[in-house]
>>> print(open('query-v3.cif').read())   # mmCIF, C-alpha atoms
data_protein
loop_
_atom_site.label_atom_id
_atom_site.label_comp_id
_atom_site.auth_asym_id
_atom_site.auth_seq_id
_atom_site.Cartn_x
_atom_site.Cartn_y
_atom_site.Cartn_z
CA MET A 1 97.53 103.08 69.71
CA ALA A 2 101.25 102.38 69.99
CA LYS A 3 102.38 99.23 71.80
CA THR A 4 105.76 98.42 73.25
CA ASP A 5 107.52 95.25 74.44
CA ILE A 6 108.69 95.26 78.04
CA ILE A 7 110.13 92.92 80.68
CA LEU A 8 108.47 93.09 84.09
CA THR A 9 110.83 93.37 87.06
CA HIS A 10 108.05 92.95 89.67
CA HIS A 11 104.76 91.09 89.86
CA ILE A 12 101.89 93.26 88.65
CA PRO A 13 98.38 91.82 89.22
CA GLY A 14 96.49 91.43 85.97
CA LEU A 15 99.59 91.93 83.84
CA GLY A 16 102.18 89.33 84.77
CA GLY A 17 104.92 88.18 87.07
CA GLU A 18 108.55 89.03 87.46
CA SER A 19 110.63 88.28 84.31
CA ASP A 20 107.54 88.02 82.05
CA HIS A 21 107.76 89.48 78.55
CA VAL A 22 104.55 91.45 77.84
CA VAL A 23 103.23 93.96 75.33
CA VAL A 24 101.59 97.08 76.79
CA ALA A 25 100.54 100.53 75.64
CA ALA A 26 103.54 102.82 75.16
CA GLY A 27 102.09 105.51 77.42
CA TYR A 28 101.48 103.04 80.26
CA ALA A 29 105.07 101.84 80.04
CA ARG A 30 106.57 105.32 79.64
CA ASN A 31 104.47 107.09 82.29
CA TYR A 32 103.98 104.42 84.95
CA LEU A 33 105.98 101.21 84.64
CA PHE A 34 109.41 102.64 83.79
CA PRO A 35 109.43 105.54 86.32
CA ASN A 36 108.30 103.25 89.15
CA GLY A 37 110.92 100.61 88.32
CA LEU A 38 108.30 97.95 87.61
CA ALA A 39 109.54 97.17 84.09
CA ILE A 40 112.43 97.63 81.69
CA PRO A 41 112.30 97.99 77.91
CA LEU A 42 112.99 94.90 75.81
CA THR A 43 116.48 95.46 74.36
CA GLY A 44 119.45 93.21 73.63
CA ALA A 45 121.16 94.08 76.91
CA ASN A 46 117.96 93.62 78.90
CA LYS A 47 117.34 90.21 77.29
CA ARG A 48 120.58 89.05 78.91
CA ARG A 49 119.37 90.46 82.23
CA LEU A 50 116.20 88.40 81.82
CA GLU A 51 117.99 85.21 82.91
CA SER A 52 118.94 86.70 86.29
CA LEU A 53 115.34 87.87 86.77
CA LYS A 54 114.07 84.35 86.06
CA GLN A 55 116.51 82.87 88.59
CA ARG A 56 115.43 85.41 91.20
CA ARG A 57 111.76 84.60 90.52
CA ALA A 58 112.37 80.85 90.78
CA GLN A 59 114.23 81.31 94.08
CA ARG A 60 111.46 83.50 95.50
CA GLU A 61 108.77 81.01 94.48
CA ALA A 62 110.73 78.09 95.98
CA ASP A 63 111.16 79.99 99.27
CA GLU A 64 107.46 80.83 99.32
CA LEU A 65 106.51 77.20 98.70
CA ASN A 66 108.80 75.99 101.52
CA SER A 67 107.43 78.54 103.99
CA MET A 68 103.83 77.65 103.08
CA ASN A 69 104.61 73.92 103.53
CA GLU A 70 106.00 74.62 107.01
CA LEU A 71 103.03 76.82 107.89
CA GLY A 72 100.59 74.17 106.63
CA GLN A 73 102.23 71.45 108.71
CA SER A 74 102.17 73.58 111.86
CA LEU A 75 98.54 74.66 111.32
CA SER A 76 97.40 71.04 110.93
CA LYS A 77 98.71 70.29 114.44
CA LEU A 78 96.93 73.23 116.10
CA THR A 79 93.48 73.58 117.62
CA LEU A 80 92.11 77.11 117.46
CA VAL A 81 89.74 77.90 120.32
CA ILE A 82 87.24 80.69 119.69
CA SER A 83 84.98 81.92 122.51
CA MET A 84 81.70 83.44 121.45
CA LYS A 85 78.60 84.62 123.32
CA THR A 86 75.74 82.17 122.99
CA GLY A 87 72.04 81.97 123.69
CA GLU A 88 70.33 79.35 125.82
CA ASP A 89 70.01 76.86 122.96
CA GLY A 90 73.74 76.91 122.14
CA ARG A 91 73.38 79.13 119.08
CA LEU A 92 75.92 81.87 118.67
CA PHE A 93 75.19 85.57 118.76
CA GLY A 94 76.71 86.32 115.37
CA SER A 95 78.87 83.79 113.60
CA VAL A 96 82.46 82.65 113.13
CA THR A 97 83.68 83.73 109.69
CA SER A 98 86.97 83.40 107.87
CA GLY A 99 87.87 86.89 109.10
CA THR A 100 87.30 85.82 112.71
CA ILE A 101 89.48 82.75 112.21
CA CYS A 102 92.19 84.88 110.60
CA ASP A 103 92.17 87.36 113.50
CA GLU A 104 92.26 84.60 116.13
CA LEU A 105 95.16 82.83 114.38
CA LYS A 106 97.11 86.09 114.51
CA HIS A 107 96.14 86.73 118.14
CA GLN A 108 96.62 83.23 119.59
CA PHE A 109 99.47 81.77 117.51
CA ASP A 110 100.99 84.80 115.72
CA ALA A 111 100.33 83.07 112.38
CA THR A 112 99.42 85.33 109.48
CA VAL A 113 96.97 83.84 106.99
CA GLU A 114 94.91 85.88 104.56
CA LYS A 115 91.19 85.49 105.13
CA ARG A 116 90.56 84.68 101.46
CA LYS A 117 92.75 81.59 101.84
CA ILE A 118 90.46 80.14 104.53
CA GLN A 119 87.94 77.90 102.76
CA LEU A 120 84.79 78.22 104.87
CA GLU A 121 81.63 77.34 102.92
CA ASN A 122 79.19 78.81 105.44
CA PRO A 123 79.83 80.79 108.63
CA ILE A 124 79.88 78.68 111.80
CA LYS A 125 76.77 79.36 113.92
CA GLN A 126 76.85 76.51 116.47
CA LEU A 127 79.17 75.40 119.26
CA GLY A 128 81.45 72.45 118.56
CA GLU A 129 84.57 71.33 116.69
CA TYR A 130 85.02 71.94 112.99
CA GLN A 131 87.64 71.07 110.38
CA VAL A 132 88.43 74.14 108.26
CA ASP A 133 90.40 73.85 105.02
CA ILE A 134 93.08 76.44 104.33
CA LYS A 135 94.53 76.85 100.82
CA LEU A 136 97.92 78.44 101.52
CA HIS A 137 99.43 78.05 98.04
CA HIS A 138 98.24 76.50 94.80
CA ASP A 139 100.23 73.36 95.77
CA VAL A 140 99.74 73.52 99.56
CA SER A 141 96.54 73.09 101.53
CA SER A 142 96.03 72.26 105.19
CA THR A 143 93.26 71.55 107.67
CA LEU A 144 92.83 73.53 110.86
CA LYS A 145 90.78 72.28 113.80
CA VAL A 146 88.54 75.04 115.16
CA ARG A 147 86.69 74.61 118.45
CA VAL A 148 83.92 77.11 119.14
CA GLU A 149 83.16 77.49 122.85
CA SER A 150 80.66 79.51 124.81
CA ALA A 151 81.99 82.62 126.51
CA ASN A 152 78.90 82.73 128.74
CA PRO A 153 79.17 81.31 132.27
CA VAL A 154 77.89 77.78 132.69
CA GLU A 155 74.41 77.67 134.20
CA GLY A 156 73.71 75.49 137.25
CA SER A 157 77.25 75.42 138.63
CA ALA A 158 77.90 74.69 142.33
CA ASP A 159 78.79 78.30 143.07
CA GLY A 160 76.03 79.75 140.91
CA ASP A 161 74.88 82.22 143.59
CA ALA A 162 78.43 83.45 144.17
CA GLY A 163 78.91 83.89 140.44
CA ASP A 164 75.61 85.76 140.09
CA ASN A 165 76.51 88.00 143.03
CA ALA A 166 79.96 88.70 141.63
CA ARG A 167 78.51 89.65 138.23
CA LYS A 168 75.95 91.93 139.84
CA GLY A 169 78.55 93.57 142.10
CA ARG A 170 77.12 92.22 145.35
CA LYS A 171 78.99 90.82 148.30
CA PRO A 172 78.48 87.17 149.31
CA ALA A 173 75.68 86.60 151.84
CA ALA A 174 78.07 85.87 154.73
CA ALA A 175 80.01 89.08 154.17
CA ALA A 176 76.89 91.18 153.61
CA VAL A 177 75.75 90.81 157.24
CA SER A 178 76.26 94.16 158.92
CA ARG A 179 77.36 94.42 162.50
CA SER A 180 74.95 96.11 164.84
CA LYS A 181 76.16 97.90 167.95
#
>>> encode(input="query-v3.cif", output="structure tokens")
Amino acid sequence: MAKTDIILTHHIPGLGGESDHVVVAAGYARNYLFPNGLAIPLTGANKRRLESLKQRRAQREADELNSMNELGQSLSKLTLVISMKTGEDGRLFGSVTSGTICDELKHQFDATVEKRKIQLENPIKQLGEYQVDIKLHHDVSSTLKVRVESANPVEGSADGDAGDNARKGRKPAAAAVSRSK
């Protein structure tokens, strides 16, 4: 099978990053990489272009590292509050997973973090506060404080009857008295 030398102009998972010199099958390069603008053939003129691609890659990686540092610092200062339905013993119906944390970060703080970057060993199944590690970049990691609260109403409150009546769609006892003529 014929092989050809190419220079990647974009990151391609499993093959390489921008400005990498790789050897691939000629048909793959000719039929996919070149038409889609993902690579250029390795020639004398393109070798000179390689330096500008390396500078662009270095700049992009530096910008990404800076933005992940800023995101990591801001996440370490936050407390994410997640409300879940619970049973009588304080155990959750379901669990808090990395996907749940990712969705709540987007909803509450408009922070986008991929769920695979959230390092949660086991799903959270109890109420309380937890420290969750987040690996934002290979050089940047942060810790997010997650507080899991009960979304159920608190039992034994002072206005327990009023709360029960409101949930059941009833009027309070004083207002339920009908007037007789």
>>> closest_residue(input="query-v3.cif", among="A:Thr4, A:Val96, A:Leu75, A:Gln55", to="Phe109 (chain A)", atoms="only C-alpha atoms")
A:Leu75
>>> resolve_selection(input="query-v3.cif", expression="the PyMOL selection byres ((chain A and resi 11) around 12)", output="count of residues only")
22
>>> residues_around(input="query-v3.cif", residues="region 124-128 of chain A", least_positions_apart="3", cutoff="10 Å", atoms="all atoms listed in the file", output="list in words")
Ile82, Ser83, Met84, Thr86, Asp89, Gly90, Arg91, Leu92, Phe93, Gly94, Ser95, Val96, Thr97, Ser98, Leu120, Glu121, Val146, Arg147, Val148, Glu149 and Ser150 of chain A
>>> residues_around(input="query-v3.cif", residues="Ser76 (chain A)", least_positions_apart="3", cutoff="10 Å", atoms="all atoms listed in the file", output="PyMOL selection string")
chain A and resi 71-73+79+131-134+141-145
>>> atom_distance(input="query-v3.cif", atom1="CA of Pro41 (chain A)", atom2="CA of Gln59 (chain A)")
23.3 Å
>>> closest_residue(input="query-v3.cif", among="A:Ala151, A:Leu78, A:Ala26, A:Val140", to="Ala111 (chain A)", atoms="all atoms listed in the file")
A:Leu78
>>> resolve_selection(input="query-v3.cif", expression="the PyMOL selection byres ((chain A and resi 2) around 9)", output="ChimeraX atom specification")
/A:1,3-4,24-27
>>> resolve_selection(input="query-v3.cif", expression="the PyMOL selection byres ((chain A and resi 103) around 12)", output="ChimeraX atom specification")
/A:80-82,96-102,104-115,118
>>> closest_residue(input="query-v3.cif", among="A:Lys117, A:Asp5, A:Tyr130, A:Arg30", to="Lys47 (chain A)", atoms="all atoms listed in the file")
A:Asp5
>>> atom_distance(input="query-v3.cif", atom1="CA of Glu70 (chain A)", atom2="CA of Asp139 (chain A)")
12.7 Å
>>> atom_distance(input="query-v3.cif", atom1="CA of Lys54 (chain A)", atom2="CA of Val23 (chain A)")
18.0 Å
